[in-house]
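*Asks:* Just passing along the structure, written as C-alpha cells.
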Amino acid sequence: MKQYVKVLLLLLIPLLLVASYSMWGGDWWLEKADFSELKSVIDSWARPGGEAVEVGADSTFAVVEVVADSSGSSCVAEEEPAPLDTANQKILFFGDSMLEGLSRRLCDYAMENGHELTSVIWYSSTSQTWAECDTLEYFIKKTSPSFMVVCLCSNELFVRDLTERDKFIGRIVSKMGDVPFVWISPPNWKEDTGINDLIIKHVGEDRYFDSRHLELRRGRDRVHPTFDAAADWMDSVAVWMSGDSTRHPIRMAVPLQQRPRKFKQILLLPPE
Amino acid sequence: MLFTTIPFWAMFIAFLLVYALLRKSTRVGMLLYVVACSLGFFYLANGWLMLLLPATALVSWGLTWWMSRRENGARKFLLFLSVTVNLAPLVYYKYTNFSIEVFNHILQTNFAFLDIALPVGISFYTFQAISFSTDVYRRNFSMDVSLLEYLFYISFFPLLLAGPITRPGDFFPQVRRRGPVSERLLYLGVWLVMCGLMKKAVVADYIAQYNNWIFDSPETYSGFENLMGVLGYTVQIYCDFSGYSDISIGLAALMGVHLKDNFRFPYQSTNLTEFWRRWHISLSTWFRDYVYIPLGGNRHGALRTYFNNLLTMALAGLWHGSTMMFVFWGLIHGLGLVVHKSLKGMLDLIPDKWPVRFICWLVTFCYVAVAWVYFRSPDVETCGDIFVRIATDFDFAHFLPFVEARPMWTALVVGALLLCGLRESAYSRLQTRFVVSPWVVKLLLFAAVIQLVVEFHTNNVQPFIYYQF
C-alpha cells in the first residue's frame with residue numbers, strides 16, 4: 001500500500017496544482033484546462049497601463065499589439081511584416097463595374113499562382129447595394145473563399161450621406177468575417193467627398209490599396225480604365241498584395257505567359 | 001472520455017485509491033469493482049449500447065466454457081459458433097452500411113443507409129474475445145476462467161476503447177497473481193503515461209490542426225505544403241496511436257498488469273516486414289495468428305503465401321474502417337510485403353552497409369508515408385489532389401516562408417522524427433533512469449509534462465484516431 005500512496009501523491013499533486021492555478025485565475029476550466037484568460041491577465045500586469053493582447057497560436061497573420069498609453073490614445077507598438085501565405089487561394093472578387101477590366105488580369109495572376117478565381121460583377125452597385133442584401137453572403141457560402149478582393153464605391157465618389165455610407169461599409173466588412181481580404185479603392189477621376197477615408201477607417205491601411213494616385217487611361221466614358229490600363233492597375237495591386245505592407249500577403253507572381261483565361265465570372269444586372 | 005482530459009485523471013486517481021485497498025483485501029471485490037467501473041466507463045463512451053458488451057461476453061464465455069469440455073466435431077462447431085456470436089455485432093454495426101454501399105454501387109440500386117452508430121471499442125474487445133475462444137480451442141490457454149474474470153478481461157477499461165489487443169495467456173496469470181504490485185511496475189506505468197501524454201496531447205494534437213487543413217482541401221495548398229501535410233500526418237498517427245497505447249499500458253501497469261509493447265520505433269524499419277513487426281504489434285500478431293496462419297501462411301508455396309499476405313492485409317485494412325480507402329491502404333501494404341518477400345533472396349545478397357541501410361529506410365519510410373495518405377484521405381479524389389499538388393506545384397522556395405509561418409509545427413515534427421530514431425537501448429536506459437530516480441524528481445518531471453500538456457492544449461481536442469476503429 002505504501003508504494004500506491006507514493007504513486008497516488010505523484011499523480012495527485014500536479015493535478016491539484018493545475019486545479020488551484022486555474023481557480024486562482026478565476027477561470028475554472030477543468031474540462032479543457034484553458035488558461036488563456038489567465039495569461040491575458042498576467043500579460044496586462046506585466047505591462048502597466050496596457051491592455052491584454054490577443055495572440056494567435058499558429059497564425060500566419062502578423063500580430064499587431066495595440067497598447068494604450070496613460071493618456072488613453074493608441075499607437076502601434078510592434079508590427080512585424082506578415083509572412084507570405086504560400087497556399088493556393090480560392091479568391092472571391094466582387095464589386096462594381098470596375099471589375100470588368102481588373103478580373104481579366106487577376107485571372108492571369110490566379111492561373112499563374114495556382115489560385116482559383118470567382119468574380120462577381122454587379123454593375124452600378126454601391127456599398128448600400130451590397131450591404132442591404134444577402135448577395136455577398138450567398139457567394140461566400142457558395143464559393144467558400146480563402147481570400148477576397150473588393151473593388152467598390154466607384155459610384156459613390158461624390159456622395160454626401162457619409163454617415164450612412166459609413167454603416168454600409170462597416171456591414172460589408174463584417175459580412176466578410178474572418179476571411180482575409182483586400183479592398184481596392186476606386187480609381188478617382190476627381191477628388192472624392194470622403195468615401196476613401198471611410199474605407200480606410202474600416203479596413204485599415206494594410207488592407208486598402210490606394211488607387212487615387214494612379215494615372216490610368218480611361219475609356220470612352222472617361223470613367224472606366226481601358227483594359228490595358230486596368231491590367232496595369234491590377235499589376236500594381238498584385239505587387240502590393242504579395243508585399244510586406246499588406247496584412248495577409250499571398251502569392252502573386254507575375255504571369256509569364258499569356259494563357260486562355262479560365263475563371264468563373266458572374267454578372268449581375270444593375271440594381272433597380 | 002479521453003485519457004488526456006483532467007476529469008478522467010481526477011476519476012482515475014479516486015478509482016486507484018479504492019482499487020489499491022480492494023486489491024489488498026479482497027480479490028473478488030476488486031474484480032467486481034473494476035468490472036463495474038469499466039462498464040461505467042464504457043457507458044460514458046457508448047450510452048446504453050454498453051449492454052452489448054456484457055451480453056456478448058456472457059454468450060461467448062458460455063460457449064467457450066462448453067467447448068473446452070468437448071472434443072472433435074462438437075469442439076470445432078462450438079468454436080465456430082463462439083466466433084460467429086462475437087463477430088455478429090461487429091459486422092452489423094461496422095459493415096452493414098458499407099455492404100449497402102457496395103451493393104448499391106454494383107447493382108446500381110438505391111437502398112437507404114441504416115442509422116447505425118458504431119460502438120466505440122467494439123473492434124478491440126471482439127478480437128480479444130475471439131482470441132480467448134481460439135486459444136482455448138487450440139489448447140494454447142488452459143486456465144479455467146470464471147465469468148467474473150472473463151468480464152474483467154473483456155471490459156478492462158485501459159484496453160477497452162482502442163487496445164492493445166491482449167491475449168488471455170498474457171493477461172490472466174497476472175490477474176491471479178497475489179501479492180503487492182512492485183514499485184518498479186508502478187513507476188513504469190507513470191513513465192508510460194508521461195510519454196503517452198507528450199506524444200498525444202503535445203505533439204499529435206498540435207500538428208493535427210495543420211494536417212487537417214491539408215487533408216480537408218489539398219487543392220488550396222501548394223505542393224510543398226501538401227508534402228508537409230503528408231509528413232505531418234505520418235508523425236501524427238504514430239504519436240497519436242503509440243501515445244494512446246503508452247497511456248493504456250501505463251494505466252494497466254498502475255493496476256499491476258504488465259502488458260507487452262504495442263510499438264517498437266516502427267519508423268526505424270528498413271523494410272515493410274520489419275515495419276509490421278514494430279507497428280501496432282498486438283493487431284499485426286493477431287492477424288498473423290488468427291488469419292494468416294489459418295489461411296495457410298507460407299506453407300503452400302510462394303504464390304499462396306503472396307495471396308495470403310494480400311488477403312490478410314486487405315482484411316486488416318477493412319478492420320480499420322468500412323470504406324474502400326482502408327482496403328486500398330491494406331492492399332498497398334500487402335503489395336509491399338509481397339514485393340519484399342519475393343525479392344528477399346536478392347536483397348539479402350546486398351552487403352549490409354550503412355548507405356544501403358539508409359536507402360532501405362528511406363524507401364520504407366516514403367512507402368509507409370504514401371500509404372498513410374490513403375488511410376487519412378476521405379476519398380480517392382483527395383488522395384489524387386494531394387499527389388498531383390506535390391508532383392506539379394512543388395517549390396523549395398516555400399520552405400522558409402513555411403517555417404516562418406509555422407515554427408512550432410516544424411519544431412514538433414522534426415523533434416518527433418528525431419526521437420523516432422532513438423535507439424531502443426537508449427530509450428530503455430532513460431526509462432530505467434526514471435524508475436530509479438528519487439520521488440521528487442519524478443514529481444517534478446510529471447508536473448512539467450502536465451504543464452506542457454496544458455500549454456499545448458488546443459480548444460479543439462482531437463479524439464484518439466484509433467477510437468473510430
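Lettering and numbering for the C-alpha cells are positional, with chains as A, B, ... in the shown order, residues counted from 1 in each chain, and ligands counted from 1 in the shown order.
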Please tabulate, as a tab-separated table, the residues of chain A that come within 6 Å of chain B, each with its closest pair of atoms and the distance in Å to one decimal, counting only C-alpha atoms and ordering rows by chain, then residue number upward.

*Replies:*
residue	atom	partner	partner_atom	distance
A:Gln3	CA	B:Glu183	CA	5.9
A:Leu10	CA	B:Leu443	CA	5.5
A:Pro14	CA	B:Ala447	CA	5.0
A:Thr60	CA	B:Ala405	CA	5.2
A:Ala87	CA	B:Tyr221	CA	4.2
A:Asn88	CA	B:Thr220	CA	4.4
A:Gln89	CA	B:Thr220	CA	5.5

*Asks:* Where in range 250-427 of chain B does DSSP assign helix (DSSP H, G or I), given as an MDAnalysis selection string?

*Replies:* chainID B and resid 250:254 266:268 272:278 281:295 301:320 324:347 354:376 380:392 396:405 407:420 424:427

*Asks:* Could you name the residues that touch range 170-172 of chain A at 10 Å or less, counting only C-alpha atoms, but leaving out those on the same chain fewer than 5 positions away, as a CSV table (one decimal) with all heavy atoms, in the first residue's frame?

*Replies:*
chain,number,residue,atom,x,y,z
A,127,SER,N,-22.0,50.5,-52.1
A,127,SER,CA,-21.8,49.9,-50.8
A,127,SER,C,-23.2,49.6,-50.2
A,127,SER,O,-23.4,48.5,-49.6
A,127,SER,CB,-21.0,50.8,-49.9
A,127,SER,OG,-21.7,52.0,-49.7
A,128,GLN,N,-24.2,50.4,-50.5
A,128,GLN,CA,-25.5,50.2,-50.0
A,128,GLN,C,-26.1,48.9,-50.6
A,128,GLN,O,-26.7,48.1,-49.8
A,128,GLN,CB,-26.4,51.4,-50.3
A,128,GLN,CG,-27.8,51.3,-49.8
A,128,GLN,CD,-28.7,52.5,-50.0
A,128,GLN,OE1,-28.3,53.4,-50.8
A,128,GLN,NE2,-29.9,52.5,-49.5
A,129,THR,N,-25.9,48.7,-51.9
A,129,THR,CA,-26.5,47.6,-52.5
A,129,THR,C,-26.0,46.3,-51.9
A,129,THR,O,-26.7,45.4,-51.6
A,129,THR,CB,-26.1,47.6,-54.0
A,129,THR,OG1,-26.0,48.9,-54.5
A,129,THR,CG2,-27.0,46.7,-54.9
A,130,TRP,N,-24.6,46.2,-51.7
A,130,TRP,CA,-24.0,45.0,-51.1
A,130,TRP,C,-24.3,44.8,-49.7
A,130,TRP,O,-24.4,43.7,-49.2
A,130,TRP,CB,-22.5,45.1,-51.3
A,130,TRP,CG,-22.1,44.8,-52.8
A,130,TRP,CD1,-21.9,45.8,-53.7
A,130,TRP,CD2,-21.9,43.6,-53.4
A,130,TRP,NE1,-21.5,45.2,-54.9
A,130,TRP,CE2,-21.5,43.9,-54.8
A,130,TRP,CE3,-22.0,42.2,-53.0
A,130,TRP,CZ2,-21.2,42.9,-55.7
A,130,TRP,CZ3,-21.7,41.3,-53.9
A,130,TRP,CH2,-21.3,41.5,-55.3
A,131,ALA,N,-24.5,46.0,-49.0
A,131,ALA,CA,-24.7,45.9,-47.5
A,131,ALA,C,-26.2,45.5,-47.2
A,131,ALA,O,-26.4,44.7,-46.2
A,131,ALA,CB,-24.4,47.2,-46.9
A,132,GLU,N,-27.1,45.9,-48.0
A,132,GLU,CA,-28.5,45.7,-47.7
A,132,GLU,C,-29.1,44.4,-48.2
A,132,GLU,O,-30.3,44.2,-48.0
A,132,GLU,CB,-29.3,46.9,-48.1
A,132,GLU,CG,-29.0,48.1,-47.3
A,132,GLU,CD,-29.9,49.3,-47.6
A,132,GLU,OE1,-30.5,49.3,-48.7
A,132,GLU,OE2,-30.0,50.2,-46.7
A,136,LEU,N,-23.8,39.0,-51.1
A,136,LEU,CA,-22.4,38.7,-50.7
A,136,LEU,C,-22.4,37.4,-49.8
A,136,LEU,O,-21.5,36.5,-50.1
A,136,LEU,CB,-21.8,39.9,-49.9
A,136,LEU,CG,-20.4,39.7,-49.4
A,136,LEU,CD1,-19.5,39.3,-50.6
A,136,LEU,CD2,-19.9,40.9,-48.7
A,137,GLU,N,-23.3,37.3,-48.9
A,137,GLU,CA,-23.3,36.1,-48.1
A,137,GLU,C,-23.6,34.8,-48.9
A,137,GLU,O,-22.9,33.8,-48.7
A,137,GLU,CB,-24.5,36.1,-47.0
A,137,GLU,CG,-24.3,37.1,-45.9
A,137,GLU,CD,-25.0,38.4,-46.2
A,137,GLU,OE1,-24.9,38.9,-47.3
A,137,GLU,OE2,-25.6,38.9,-45.2
A,150,VAL,N,-12.0,43.2,-53.0
A,150,VAL,CA,-13.2,44.0,-53.2
A,150,VAL,C,-12.8,45.2,-54.0
A,150,VAL,O,-11.7,45.8,-53.8
A,150,VAL,CB,-13.8,44.5,-51.9
A,150,VAL,CG1,-15.1,45.1,-52.0
A,150,VAL,CG2,-13.7,43.5,-50.8
A,165,ARG,N,-23.1,55.8,-45.5
A,165,ARG,CA,-22.1,55.0,-46.2
A,165,ARG,C,-21.1,54.3,-45.2
A,165,ARG,O,-20.7,53.2,-45.4
A,165,ARG,CB,-21.3,55.9,-47.1
A,165,ARG,CG,-22.1,56.7,-48.2
A,165,ARG,CD,-22.7,55.8,-49.2
A,165,ARG,NE,-23.9,56.3,-49.8
A,165,ARG,CZ,-24.6,55.8,-50.8
A,165,ARG,NH1,-24.2,54.7,-51.3
A,165,ARG,NH2,-25.7,56.4,-51.2
A,177,GLY,N,-16.3,38.6,-42.5
A,177,GLY,CA,-15.9,37.8,-41.3
A,177,GLY,C,-14.4,37.7,-41.2
A,177,GLY,O,-13.7,38.7,-41.3
A,198,LEU,N,-13.5,56.7,-45.5
A,198,LEU,CA,-14.3,55.7,-44.8
A,198,LEU,C,-13.9,54.3,-45.0
A,198,LEU,O,-13.9,53.5,-44.0
A,198,LEU,CB,-15.8,55.8,-45.3
A,198,LEU,CG,-16.6,57.1,-44.9
A,198,LEU,CD1,-18.0,57.0,-45.4
A,198,LEU,CD2,-16.6,57.2,-43.3
A,199,ILE,N,-13.4,54.0,-46.2
A,199,ILE,CA,-13.0,52.6,-46.5
A,199,ILE,C,-11.7,52.3,-45.6
A,199,ILE,O,-11.6,51.3,-44.9
A,199,ILE,CB,-12.6,52.4,-47.9
A,199,ILE,CG1,-13.9,52.7,-48.8
A,199,ILE,CG2,-12.1,51.0,-48.2
A,199,ILE,CD1,-13.6,52.7,-50.3
A,201,LYS,N,-10.9,53.7,-42.8
A,201,LYS,CA,-11.3,53.6,-41.4
A,201,LYS,C,-11.8,52.2,-41.1
A,201,LYS,O,-11.4,51.7,-40.0
A,201,LYS,CB,-12.5,54.6,-41.2
A,201,LYS,CG,-13.0,54.6,-39.8
A,201,LYS,CD,-14.3,55.5,-39.7
A,201,LYS,CE,-15.2,55.0,-38.6
A,201,LYS,NZ,-16.5,55.6,-38.7
A,202,HIS,N,-12.5,51.6,-42.0
A,202,HIS,CA,-13.0,50.2,-41.7
A,202,HIS,C,-12.0,49.1,-42.0
A,202,HIS,O,-12.0,48.1,-41.3
A,202,HIS,CB,-14.3,50.0,-42.5
A,202,HIS,CG,-15.5,50.7,-41.9
A,202,HIS,ND1,-16.1,50.3,-40.8
A,202,HIS,CD2,-16.1,51.9,-42.2
A,202,HIS,CE1,-17.1,51.1,-40.4
A,202,HIS,NE2,-17.1,52.1,-41.3
A,203,VAL,N,-11.2,49.3,-43.0
A,203,VAL,CA,-10.4,48.1,-43.4
A,203,VAL,C,-8.9,48.3,-42.9
A,203,VAL,O,-8.2,47.3,-42.8
A,203,VAL,CB,-10.4,47.8,-44.9
A,203,VAL,CG1,-11.8,47.6,-45.3
A,203,VAL,CG2,-9.7,48.9,-45.7

*Asks:* Could you pull the residues within 8 Å of Thr64 in chain B, counting only C-alpha atoms, minus those fewer than 6 positions along the same chain, as a PDB file with C-alpha atoms, in the first residue's frame?

*Replies:*
ATOM      1  CA  LEU B  78     -18.711 -24.509 -30.753  1.00  0.00           C
ATOM      2  CA  LEU B  79     -15.639 -22.509 -31.728  1.00  0.00           C
ATOM      3  CA  SER B  82     -18.488 -18.521 -30.497  1.00  0.00           C
ATOM      4  CA  SER B 133     -12.065 -18.771 -27.685  1.00  0.00           C
ATOM      5  CA  VAL B 136      -8.854 -22.299 -25.613  1.00  0.00           C
TER       6      VAL B 136
END

*Asks:* As a list in words, please: the residues near Thr273 in chain B (cut-off 10 Å, only C-alpha atoms, same-chain neighbours under 6 positions excluded).

*Replies:*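 The filter keeps His333, Gly334, Gly336, Leu337, Val338, His340, Lys341 and Thr364 of chain B.
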
*Asks:* Give me the residues within 12 Å of Asp235 in chain A as a ChimeraX atom specification, counting only C-alpha atoms and dropping any in the same chain fewer than 6 places off.

*Replies:* /A:101-109,209,211,214,228-229,241-242,252-255

*Asks:* Excluding Phe181 in chain A and residues on its chain fewer than 5 positions from it, collect all residues at most 12 Å away from it, counting only C-alpha atoms, and give them as an NGL selection string.

*Replies:* :A and (89-94 or 145-151 or 172-176 or 203-204 or 206-209 or 241 or 246-250)

*Asks:* Would you mind exporting C-alpha atoms of the selected residues as a tab-separated table (two decimals), in the first residue's frame?

*Replies:*
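The resulting selection.tsv:
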chain	number	residue	atom	x	y	z
A	89	GLN	CA	-6.23	30.54	-52.61
A	90	LYS	CA	-9.87	30.41	-53.54
A	91	ILE	CA	-10.37	34.05	-54.39
A	92	LEU	CA	-13.74	35.77	-54.49
A	93	PHE	CA	-13.52	39.09	-56.29
A	94	PHE	CA	-16.62	41.24	-56.03
A	145	PRO	CA	-13.29	31.72	-50.43
A	146	SER	CA	-10.00	31.67	-48.60
A	147	PHE	CA	-9.26	35.21	-49.78
A	148	MET	CA	-11.42	38.08	-51.02
A	149	VAL	CA	-10.76	41.11	-53.15
A	150	VAL	CA	-13.20	44.02	-53.21
A	151	CYS	CA	-13.36	46.89	-55.61
A	172	ILE	CA	-19.78	44.70	-45.79
A	173	VAL	CA	-16.58	44.27	-43.79
A	174	SER	CA	-18.40	42.36	-41.07
A	175	LYS	CA	-20.02	40.13	-43.71
A	176	MET	CA	-16.57	39.06	-44.84
A	203	VAL	CA	-10.37	48.09	-43.35
A	204	GLY	CA	-7.12	49.71	-42.21
A	206	ASP	CA	-2.85	47.28	-44.62
A	207	ARG	CA	-5.95	46.03	-46.43
A	208	TYR	CA	-6.56	49.10	-48.53
A	209	PHE	CA	-4.96	49.61	-51.91
A	241	MET	CA	-0.82	42.13	-52.38
A	246	THR	CA	-0.34	44.18	-46.56
A	247	ARG	CA	-1.89	42.26	-43.69
A	248	HIS	CA	-2.16	38.93	-45.46
A	249	PRO	CA	0.28	38.69	-48.38
A	250	ILE	CA	-0.43	35.92	-50.87

*Asks:* Can you work out which one of A:Leu84, A:Ala238, A:Pro187, A:Lys141 has the shortest atom-to-atom distance to Arg217 in chain A, counting only C-alpha atoms?

*Replies:*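 Looking at the shortest contact to Arg217 in chain A, the residue is A:Pro187.
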
*Asks:* One number please: CA of Val257 in chain B to CA of Ile154 in chain B, in Å, one decimal.

*Replies:* 14.2 Å
